[in-house]
file start.cif (mmCIF, C-alpha atoms (C1' of nucleotides))
data_final
#
loop_
_atom_site.label_atom_id
_atom_site.label_comp_id
_atom_site.auth_asym_id
_atom_site.auth_seq_id
_atom_site.Cartn_x
_atom_site.Cartn_y
_atom_site.Cartn_z
CA MET A 20 39.05 247.72 83.14
CA VAL A 21 41.44 245.51 85.04
CA ASP A 22 43.90 243.46 83.03
CA ARG A 23 44.74 240.78 85.52
CA SER A 24 47.08 238.83 83.24
CA LYS A 25 49.95 241.24 83.82
CA GLU A 26 49.28 242.37 87.37
CA THR A 27 52.17 241.97 89.80
CA LEU A 28 51.69 240.94 93.42
CA GLU A 29 52.41 244.50 94.54
CA GLU A 30 49.90 245.91 92.07
CA LYS A 31 47.31 243.45 93.29
CA LYS A 32 47.96 244.45 96.92
CA ALA A 33 47.51 248.10 95.92
CA ARG A 34 44.25 247.22 94.17
CA VAL A 35 43.08 245.45 97.32
CA GLN A 36 43.79 248.58 99.36
CA LYS A 37 41.71 250.66 96.96
CA ILE A 38 38.91 248.11 97.24
CA ILE A 39 39.04 248.27 101.04
CA GLU A 40 39.07 252.08 101.10
CA ARG A 41 36.10 252.39 98.76
CA LEU A 42 34.03 249.73 100.52
CA ARG A 43 34.79 251.39 103.86
CA GLN A 44 33.22 254.57 102.56
CA VAL A 45 30.11 252.73 101.41
CA TYR A 46 29.75 250.35 104.37
CA PRO A 47 31.14 252.19 107.42
CA GLU A 48 28.77 250.12 109.54
CA ALA A 49 29.98 246.74 108.23
CA LYS A 50 30.26 244.29 111.08
CA CYS A 51 29.00 240.92 112.21
CA ALA A 52 25.28 240.80 111.43
CA LEU A 53 24.59 238.01 113.91
CA ASN A 54 23.21 239.12 117.28
CA PHE A 55 25.23 237.92 120.29
CA SER A 56 26.36 239.06 123.72
CA ASP A 57 29.17 236.61 124.47
CA PRO A 58 31.49 234.14 122.65
CA LEU A 59 29.19 231.15 123.20
CA GLU A 60 26.23 232.96 121.67
CA LEU A 61 28.29 233.98 118.65
CA LEU A 62 29.63 230.46 118.21
CA VAL A 63 26.11 229.01 118.30
CA ALA A 64 24.71 231.69 115.97
CA THR A 65 27.52 231.11 113.47
CA ILE A 66 26.89 227.37 113.38
CA LEU A 67 23.19 228.06 112.82
CA SER A 68 24.02 230.49 109.99
CA ALA A 69 25.18 227.76 107.60
CA GLN A 70 23.01 227.97 104.46
CA CYS A 71 20.62 230.29 106.25
CA THR A 72 20.17 234.05 106.29
CA ASP A 73 21.47 236.00 109.29
CA GLU A 74 18.03 237.50 109.68
CA ARG A 75 16.44 234.11 110.27
CA VAL A 76 19.21 233.12 112.68
CA ASN A 77 18.62 236.30 114.68
CA GLN A 78 14.91 235.50 114.91
CA VAL A 79 15.61 232.03 116.29
CA THR A 80 18.31 233.09 118.73
CA VAL A 81 16.10 235.59 120.56
CA GLU A 82 14.36 232.74 122.36
CA LEU A 83 17.21 230.25 122.05
CA PHE A 84 19.64 232.40 124.06
CA GLN A 85 17.07 232.92 126.79
CA LYS A 86 16.65 229.18 127.16
CA TYR A 87 20.28 228.10 126.67
CA ARG A 88 22.58 230.25 128.80
CA SER A 89 25.63 227.99 129.14
CA ALA A 90 27.49 225.15 127.45
CA GLU A 91 25.94 222.84 130.03
CA ASP A 92 22.46 223.71 128.75
CA TYR A 93 23.35 222.46 125.25
CA ALA A 94 25.14 219.41 126.66
CA ARG A 95 22.17 218.32 128.75
CA VAL A 96 19.21 218.98 126.46
CA GLU A 97 17.38 216.18 124.67
CA LEU A 98 18.42 216.13 121.02
CA ALA A 99 14.84 216.18 119.71
CA GLU A 100 14.07 219.23 121.84
CA LEU A 101 17.08 221.15 120.58
CA GLU A 102 16.15 220.21 117.00
CA GLU A 103 12.76 221.86 117.45
CA ASP A 104 14.33 224.96 119.00
CA ILE A 105 16.52 225.58 115.94
CA ARG A 106 14.37 224.03 113.20
CA PRO A 107 13.74 227.20 111.12
CA THR A 108 17.48 227.59 110.42
CA GLY A 109 17.55 224.43 108.30
CA PHE A 110 19.94 221.44 108.54
CA PHE A 111 18.47 221.23 112.03
CA ARG A 112 19.42 217.61 112.73
CA ASN A 113 23.07 218.15 111.86
CA LYS A 114 23.18 221.47 113.67
CA ALA A 115 21.47 220.14 116.79
CA ARG A 116 23.86 217.19 116.91
CA SER A 117 26.82 219.56 116.54
CA LEU A 118 25.56 221.94 119.22
CA LYS A 119 24.96 219.21 121.79
CA ALA A 120 28.35 217.59 121.15
CA LEU A 121 29.88 221.06 121.15
CA GLY A 122 28.37 221.83 124.55
CA GLN A 123 29.65 218.54 125.92
CA MET A 124 33.16 219.16 124.62
CA LEU A 125 33.22 222.71 125.98
CA VAL A 126 32.31 221.33 129.40
CA THR A 127 34.75 218.43 129.43
CA GLU A 128 37.70 220.06 127.64
CA HIS A 129 37.40 223.81 128.20
CA GLY A 130 35.67 224.39 131.54
CA GLY A 131 32.47 225.42 129.78
CA LYS A 132 34.18 228.34 128.02
CA VAL A 133 34.67 228.93 124.31
CA PRO A 134 38.40 228.67 123.50
CA ASP A 135 40.10 231.66 121.86
CA THR A 136 42.58 229.91 119.56
CA MET A 137 42.15 228.59 116.04
CA GLU A 138 43.70 225.26 117.00
CA ALA A 139 41.19 224.57 119.77
CA LEU A 140 38.17 225.99 117.93
CA VAL A 141 38.47 223.83 114.81
CA LYS A 142 38.59 220.70 116.96
CA LEU A 143 35.07 221.43 118.18
CA PRO A 144 32.22 219.53 116.46
CA GLY A 145 30.60 221.52 113.67
CA VAL A 146 33.33 224.17 113.72
CA GLY A 147 35.56 224.76 110.69
CA ARG A 148 37.91 227.62 109.88
CA LYS A 149 35.09 229.87 108.72
CA THR A 150 33.18 229.59 111.99
CA ALA A 151 36.40 229.81 114.02
CA ASN A 152 37.40 233.00 112.21
CA VAL A 153 34.02 234.58 112.93
CA VAL A 154 34.38 233.87 116.65
CA LEU A 155 38.04 234.95 116.82
CA GLY A 156 37.44 238.15 114.87
CA ASN A 157 34.16 239.28 116.42
CA ALA A 158 34.12 237.88 119.97
CA TYR A 159 37.85 237.97 120.74
CA CYS A 160 39.04 240.76 118.39
CA LYS A 161 41.80 238.56 116.98
CA ASN A 162 42.94 238.54 113.36
CA GLU A 163 44.02 234.91 113.11
CA GLY A 164 42.53 234.40 109.66
CA ILE A 165 40.03 235.65 107.10
CA VAL A 166 36.42 234.49 107.07
CA VAL A 167 35.77 232.71 103.76
CA ASP A 168 32.05 232.18 103.52
CA THR A 169 29.89 231.98 100.42
CA HIS A 170 30.12 235.75 99.84
CA VAL A 171 33.88 236.05 100.30
CA LYS A 172 34.40 233.00 98.13
CA ARG A 173 32.32 234.49 95.32
CA LEU A 174 33.83 237.98 95.51
CA ALA A 175 37.41 236.73 95.77
CA SER A 176 36.81 234.90 92.52
CA ARG A 177 35.07 237.75 90.71
CA LEU A 178 37.67 240.28 91.87
CA GLY A 179 40.45 238.00 90.66
CA LEU A 180 41.98 237.69 94.13
CA SER A 181 42.06 233.88 94.10
CA ASP A 182 41.85 231.17 91.46
CA ASN A 183 41.12 228.47 94.01
CA SER A 184 37.74 226.97 94.89
CA ASN A 185 38.81 225.43 98.19
CA PRO A 186 37.93 227.89 101.01
CA ASP A 187 41.14 227.18 102.94
CA LYS A 188 43.26 227.95 99.86
CA ILE A 189 41.22 231.07 99.12
CA GLU A 190 41.91 232.19 102.68
CA GLN A 191 45.65 231.67 102.19
CA ASP A 192 45.56 233.69 98.96
CA LEU A 193 43.69 236.54 100.66
CA MET A 194 45.98 236.55 103.70
CA ARG A 195 48.90 237.23 101.32
CA LEU A 196 47.10 240.21 99.81
CA VAL A 197 45.63 241.86 102.91
CA PRO A 198 47.60 243.20 105.90
CA GLN A 199 46.81 241.15 109.02
CA GLU A 200 45.31 244.08 110.92
CA GLN A 201 42.63 244.33 108.19
CA TRP A 202 41.67 240.66 108.03
CA THR A 203 38.46 240.93 110.01
CA LEU A 204 37.47 244.22 108.40
CA PHE A 205 38.13 242.81 104.94
CA GLY A 206 35.77 239.91 105.54
CA HIS A 207 32.99 242.20 106.74
CA LEU A 208 33.35 244.53 103.76
CA LEU A 209 33.24 241.72 101.18
CA ILE A 210 30.26 240.13 102.91
CA TRP A 211 28.36 243.45 103.00
CA HIS A 212 29.17 244.13 99.36
CA GLY A 213 28.26 240.58 98.38
CA ARG A 214 24.98 240.80 100.20
CA TYR A 215 23.79 244.13 98.79
CA VAL A 216 25.54 244.65 95.44
CA CYS A 217 27.74 241.80 94.20
CA GLN A 218 25.00 239.23 94.63
CA ALA A 219 25.30 235.62 93.55
CA ARG A 220 22.56 235.54 90.94
CA LYS A 221 22.40 239.02 89.50
CA PRO A 222 25.31 241.29 90.53
CA LYS A 223 24.47 244.98 90.34
CA CYS A 224 27.59 246.07 88.49
CA GLY A 225 25.91 249.38 87.66
CA ASP A 226 25.70 250.23 91.37
CA CYS A 227 29.18 248.95 92.23
CA VAL A 228 31.75 251.42 93.57
CA ILE A 229 34.67 249.12 92.73
CA GLN A 230 33.57 248.33 89.20
CA ASP A 231 36.75 249.86 87.76
CA LEU A 232 38.81 247.61 90.07
CA CYS A 233 37.02 244.40 89.07
CA PRO A 234 38.08 242.15 86.18
CA SER A 235 34.58 240.63 86.08
CA ALA A 236 32.67 243.91 85.80
CA GLU A 237 30.16 244.19 83.00
"C1'" DC B 6 32.01 214.59 95.96
"C1'" DT B 7 27.34 214.17 98.54
"C1'" DC B 8 24.34 215.01 102.10
"C1'" DC B 9 21.87 217.76 105.29
"C1'" DC B 10 17.01 221.51 105.44
"C1'" DG B 11 13.44 224.72 103.94
"C1'" DA B 12 12.11 229.44 102.74
"C1'" DT B 13 12.58 232.75 99.22
"C1'" DA B 14 13.97 234.89 94.74
"C1'" DT B 15 14.31 234.45 89.88
"C1'" DA C 21 12.01 224.43 88.10
"C1'" DT C 22 16.23 225.94 89.94
"C1'" DA C 23 19.66 228.61 92.55
"C1'" DT C 24 20.80 230.58 96.84
"C1'" DC C 25 21.27 231.52 101.82
"C1'" DA C 26 27.83 234.24 106.96
"C1'" DG C 27 29.28 225.41 106.13
"C1'" DG C 28 30.87 221.20 107.87
"C1'" DA C 29 31.24 216.16 108.06
"C1'" DG C 30 31.64 211.68 105.95
#

call {"tool": "encode", "arguments": {"input": "start.cif", "output": "structure tokens"}}
result
Amino acid sequence: MVDRSKETLEEKKARVQKIIERLRQVYPEAKCALNFSDPLELLVATILSAQCTDERVNQVTVELFQKYRSAEDYARVELAELEEDIRPTGFFRNKARSLKALGQMLVTEHGGKVPDTMEALVKLPGVGRKTANVVLGNAYCKNEGIVVDTHVKRLASRLGLSDNSNPDKIEQDLMRLVPQEQWTLFGHLLIWHGRYVCQARKPKCGDCVIQDLCPSAE
DNA sequence: CTCCCGATAT
DNA sequence: ATATCAGGAG
């Protein structure tokens, strides 16, 4: 199907455009699956989404966002109480510790608001480039990077778009292949496709619309 | 690299 | 039984 050994950079960029066009047709609704109504809610939901399905996060945040309406609310709450409020999302001790420290830092360093730059976001506790990219792309409509989560990591590898295993290096590889204005869209499309077709355990290559563009297709 | 967390799918 | 789920810190 795809002989990647003798594919030039330009050919690979063209293949990426075909991938984007096809996935756009299949997933016109692809967007952030986490429910939120402001940057703080999205930041919190994204931290909770680590090693947890979006569906479960959305269940927890219904009540969480009614109780915690500002950075101050996270900064003030007793750690044990916050742990119980987010327990079903897993890693609840680490996440609760991050959220409380995050709330405190937002209050002391950013006037209680979520910053809108990569530099400031990744300095926040529990926030790496993946989480920062989700907030920048979906709450602030900025294409400062590409979200590399478990789905994007897996699909970038299977599609032969990166040979690296480090998420930051994968992101750099992808940013060279995708025009900046498509960075956020690209992440959503790969995540949708990874969730429904190109699954981790048993990819449904028979149902895949980019099978002929994939060096790993069976 | 390991650890953190537990529900669900295979 | 084991792998996986919109990761990040030590």

call {"tool": "resolve_selection", "arguments": {"input": "start.cif", "expression": "the PyMOL selection byres ((chain A) within 8 of (chain B))", "output": "ChimeraX atom specification"}}
result
/A:107-113

call {"tool": "interface_residues", "arguments": {"input": "start.cif", "of": "chain A", "to": "chain C", "cutoff": "6 Å", "atoms": "only C-alpha atoms (C1' of nucleotides)", "output": "list of chain:residue names"}}
result
A:Ala69, A:Gln70, A:Cys71, A:Thr72, A:Gly145, A:Asp168

call {"tool": "residues_around", "arguments": {"input": "start.cif", "residues": "region 33-47 of chain A", "least_positions_apart": "2", "cutoff": "9 Å", "atoms": "all atoms listed in the file", "output": "list of chain:residue names"}}
result
A:Leu28, A:Glu29, A:Glu30, A:Lys31, A:Ala49, A:Lys50, A:Leu180, A:Leu196, A:Val197, A:Gln201, A:Leu204, A:Phe205, A:Leu208, A:Leu209, A:Trp211, A:His212, A:Val228, A:Ile229, A:Leu232

call {"tool": "atom_distance", "arguments": {"input": "start.cif", "atom1": "CA of Val133 (chain A)", "atom2": "CA of Leu59 (chain A)"}}
result
6.0 Å

call {"tool": "atom_distance", "arguments": {"input": "start.cif", "atom1": "CA of Ala120 (chain A)", "atom2": "CA of Pro144 (chain A)"}}
result
6.4 Å

call {"tool": "resolve_selection", "arguments": {"input": "start.cif", "expression": "the PyMOL selection byres ((chain A and resi 158-164) around 7)", "output": "PyMOL selection string"}}
result
chain A and resi 57-58+135+152+154-157+165-166+199-200+202-203

call {"tool": "resolve_selection", "arguments": {"input": "start.cif", "expression": "the PyMOL selection byres ((chain A and resi 98) around 9)", "output": "number ranges by chain"}}
result
A: 95-97, 99-103, 112, 115-116, 119

call {"tool": "decode", "arguments": {"input": "start.cif", "residues": "region 190-202 of chain A", "atoms": "all heavy atoms", "output": "mmCIF file, in the first residue's frame"}}
result
data_model
loop_
_atom_site.group_PDB
_atom_site.id
_atom_site.type_symbol
_atom_site.label_atom_id
_atom_site.label_comp_id
_atom_site.auth_asym_id
_atom_site.auth_seq_id
_atom_site.Cartn_x
_atom_site.Cartn_y
_atom_site.Cartn_z
ATOM 1 N N GLU A 190 5.319 15.398 18.519
ATOM 2 C CA GLU A 190 4.661 16.673 18.211
ATOM 3 C C GLU A 190 5.491 17.485 17.222
ATOM 4 O O GLU A 190 4.948 18.052 16.263
ATOM 5 C CB GLU A 190 4.430 17.473 19.495
ATOM 6 C CG GLU A 190 3.621 18.738 19.257
ATOM 7 C CD GLU A 190 3.467 19.584 20.511
ATOM 8 O OE1 GLU A 190 3.959 19.164 21.578
ATOM 9 O OE2 GLU A 190 2.861 20.658 20.404
ATOM 10 N N GLN A 191 6.798 17.522 17.405
ATOM 11 C CA GLN A 191 7.666 18.256 16.486
ATOM 12 C C GLN A 191 7.599 17.660 15.082
ATOM 13 O O GLN A 191 7.512 18.391 14.093
ATOM 14 C CB GLN A 191 9.115 18.240 16.988
ATOM 15 C CG GLN A 191 9.342 19.094 18.217
ATOM 16 C CD GLN A 191 10.765 18.979 18.759
ATOM 17 O OE1 GLN A 191 11.672 18.580 18.031
ATOM 18 N NE2 GLN A 191 10.945 19.326 20.020
ATOM 19 N N ASP A 192 7.613 16.325 15.002
ATOM 20 C CA ASP A 192 7.509 15.670 13.692
ATOM 21 C C ASP A 192 6.198 16.047 13.006
ATOM 22 O O ASP A 192 6.174 16.367 11.812
ATOM 23 C CB ASP A 192 7.581 14.146 13.853
ATOM 24 C CG ASP A 192 8.970 13.676 14.299
ATOM 25 O OD1 ASP A 192 9.941 14.419 14.068
ATOM 26 O OD2 ASP A 192 9.055 12.579 14.880
ATOM 27 N N LEU A 193 5.098 16.005 13.763
ATOM 28 C CA LEU A 193 3.785 16.290 13.180
ATOM 29 C C LEU A 193 3.663 17.752 12.773
ATOM 30 O O LEU A 193 3.051 18.066 11.742
ATOM 31 C CB LEU A 193 2.679 15.927 14.186
ATOM 32 C CG LEU A 193 2.572 14.444 14.528
ATOM 33 C CD1 LEU A 193 1.468 14.202 15.550
ATOM 34 C CD2 LEU A 193 2.330 13.606 13.280
ATOM 35 N N MET A 194 4.248 18.650 13.560
ATOM 36 C CA MET A 194 4.160 20.078 13.235
ATOM 37 C C MET A 194 4.878 20.393 11.921
ATOM 38 O O MET A 194 4.553 21.363 11.254
ATOM 39 C CB MET A 194 4.724 20.928 14.383
ATOM 40 C CG MET A 194 3.823 20.948 15.605
ATOM 41 S SD MET A 194 4.265 22.174 16.859
ATOM 42 C CE MET A 194 5.782 21.494 17.488
ATOM 43 N N ARG A 195 5.865 19.557 11.559
ATOM 44 C CA ARG A 195 6.547 19.736 10.265
ATOM 45 C C ARG A 195 5.701 19.254 9.105
ATOM 46 O O ARG A 195 5.872 19.696 7.975
ATOM 47 C CB ARG A 195 7.871 18.964 10.260
ATOM 48 C CG ARG A 195 9.087 19.807 10.480
ATOM 49 C CD ARG A 195 10.376 19.183 9.954
ATOM 50 N NE ARG A 195 10.447 17.745 9.940
ATOM 51 C CZ ARG A 195 10.811 16.981 10.967
ATOM 52 N NH1 ARG A 195 11.110 17.546 12.109
ATOM 53 N NH2 ARG A 195 10.888 15.681 10.844
ATOM 54 N N LEU A 196 4.778 18.347 9.384
ATOM 55 C CA LEU A 196 3.991 17.724 8.309
ATOM 56 C C LEU A 196 2.624 18.367 8.097
ATOM 57 O O LEU A 196 2.020 18.201 7.033
ATOM 58 C CB LEU A 196 3.781 16.232 8.625
ATOM 59 C CG LEU A 196 5.044 15.370 8.674
ATOM 60 C CD1 LEU A 196 4.709 13.972 9.184
ATOM 61 C CD2 LEU A 196 5.692 15.300 7.295
ATOM 62 N N VAL A 197 2.135 19.076 9.119
ATOM 63 C CA VAL A 197 0.780 19.637 9.071
ATOM 64 C C VAL A 197 0.849 21.160 9.113
ATOM 65 O O VAL A 197 1.560 21.713 9.957
ATOM 66 C CB VAL A 197 -0.047 19.132 10.276
ATOM 67 C CG1 VAL A 197 -1.461 19.690 10.241
ATOM 68 C CG2 VAL A 197 -0.066 17.611 10.306
ATOM 69 N N PRO A 198 0.156 21.850 8.215
ATOM 70 C CA PRO A 198 0.107 23.314 8.260
ATOM 71 C C PRO A 198 -0.441 23.797 9.603
ATOM 72 O O PRO A 198 -1.377 23.186 10.143
ATOM 73 C CB PRO A 198 -0.844 23.682 7.121
ATOM 74 C CG PRO A 198 -0.859 22.498 6.212
ATOM 75 C CD PRO A 198 -0.623 21.308 7.089
ATOM 76 N N GLN A 199 0.097 24.883 10.127
ATOM 77 C CA GLN A 199 -0.253 25.330 11.475
ATOM 78 C C GLN A 199 -1.756 25.542 11.666
ATOM 79 O O GLN A 199 -2.288 25.247 12.747
ATOM 80 C CB GLN A 199 0.495 26.628 11.811
ATOM 81 C CG GLN A 199 0.260 27.086 13.242
ATOM 82 C CD GLN A 199 1.218 28.173 13.667
ATOM 83 O OE1 GLN A 199 2.028 28.651 12.872
ATOM 84 N NE2 GLN A 199 1.136 28.575 14.928
ATOM 85 N N GLU A 200 -2.427 26.042 10.633
ATOM 86 C CA GLU A 200 -3.861 26.320 10.787
ATOM 87 C C GLU A 200 -4.684 25.043 10.965
ATOM 88 O O GLU A 200 -5.844 25.104 11.352
ATOM 89 C CB GLU A 200 -4.389 27.131 9.598
ATOM 90 C CG GLU A 200 -4.335 26.421 8.266
ATOM 91 C CD GLU A 200 -3.020 26.665 7.531
ATOM 92 O OE1 GLU A 200 -2.045 27.074 8.180
ATOM 93 O OE2 GLU A 200 -2.979 26.433 6.298
ATOM 94 N N GLN A 201 -4.061 23.879 10.715
ATOM 95 C CA GLN A 201 -4.779 22.604 10.866
ATOM 96 C C GLN A 201 -4.354 21.822 12.102
ATOM 97 O O GLN A 201 -4.796 20.681 12.284
ATOM 98 C CB GLN A 201 -4.555 21.739 9.608
ATOM 99 C CG GLN A 201 -5.086 22.348 8.335
ATOM 100 C CD GLN A 201 -4.964 21.399 7.152
ATOM 101 O OE1 GLN A 201 -5.945 21.078 6.497
ATOM 102 N NE2 GLN A 201 -3.759 20.944 6.877
ATOM 103 N N TRP A 202 -3.520 22.408 12.942
ATOM 104 C CA TRP A 202 -2.976 21.660 14.075
ATOM 105 C C TRP A 202 -4.055 21.138 15.016
ATOM 106 O O TRP A 202 -4.043 19.969 15.409
ATOM 107 C CB TRP A 202 -1.957 22.511 14.839
ATOM 108 C CG TRP A 202 -0.630 22.606 14.138
ATOM 109 C CD1 TRP A 202 -0.267 21.950 12.987
ATOM 110 C CD2 TRP A 202 0.489 23.394 14.521
ATOM 111 N NE1 TRP A 202 1.027 22.285 12.644
ATOM 112 C CE2 TRP A 202 1.512 23.182 13.569
ATOM 113 C CE3 TRP A 202 0.736 24.275 15.580
ATOM 114 C CZ2 TRP A 202 2.757 23.798 13.651
ATOM 115 C CZ3 TRP A 202 1.974 24.895 15.662
ATOM 116 C CH2 TRP A 202 2.973 24.648 14.711
#
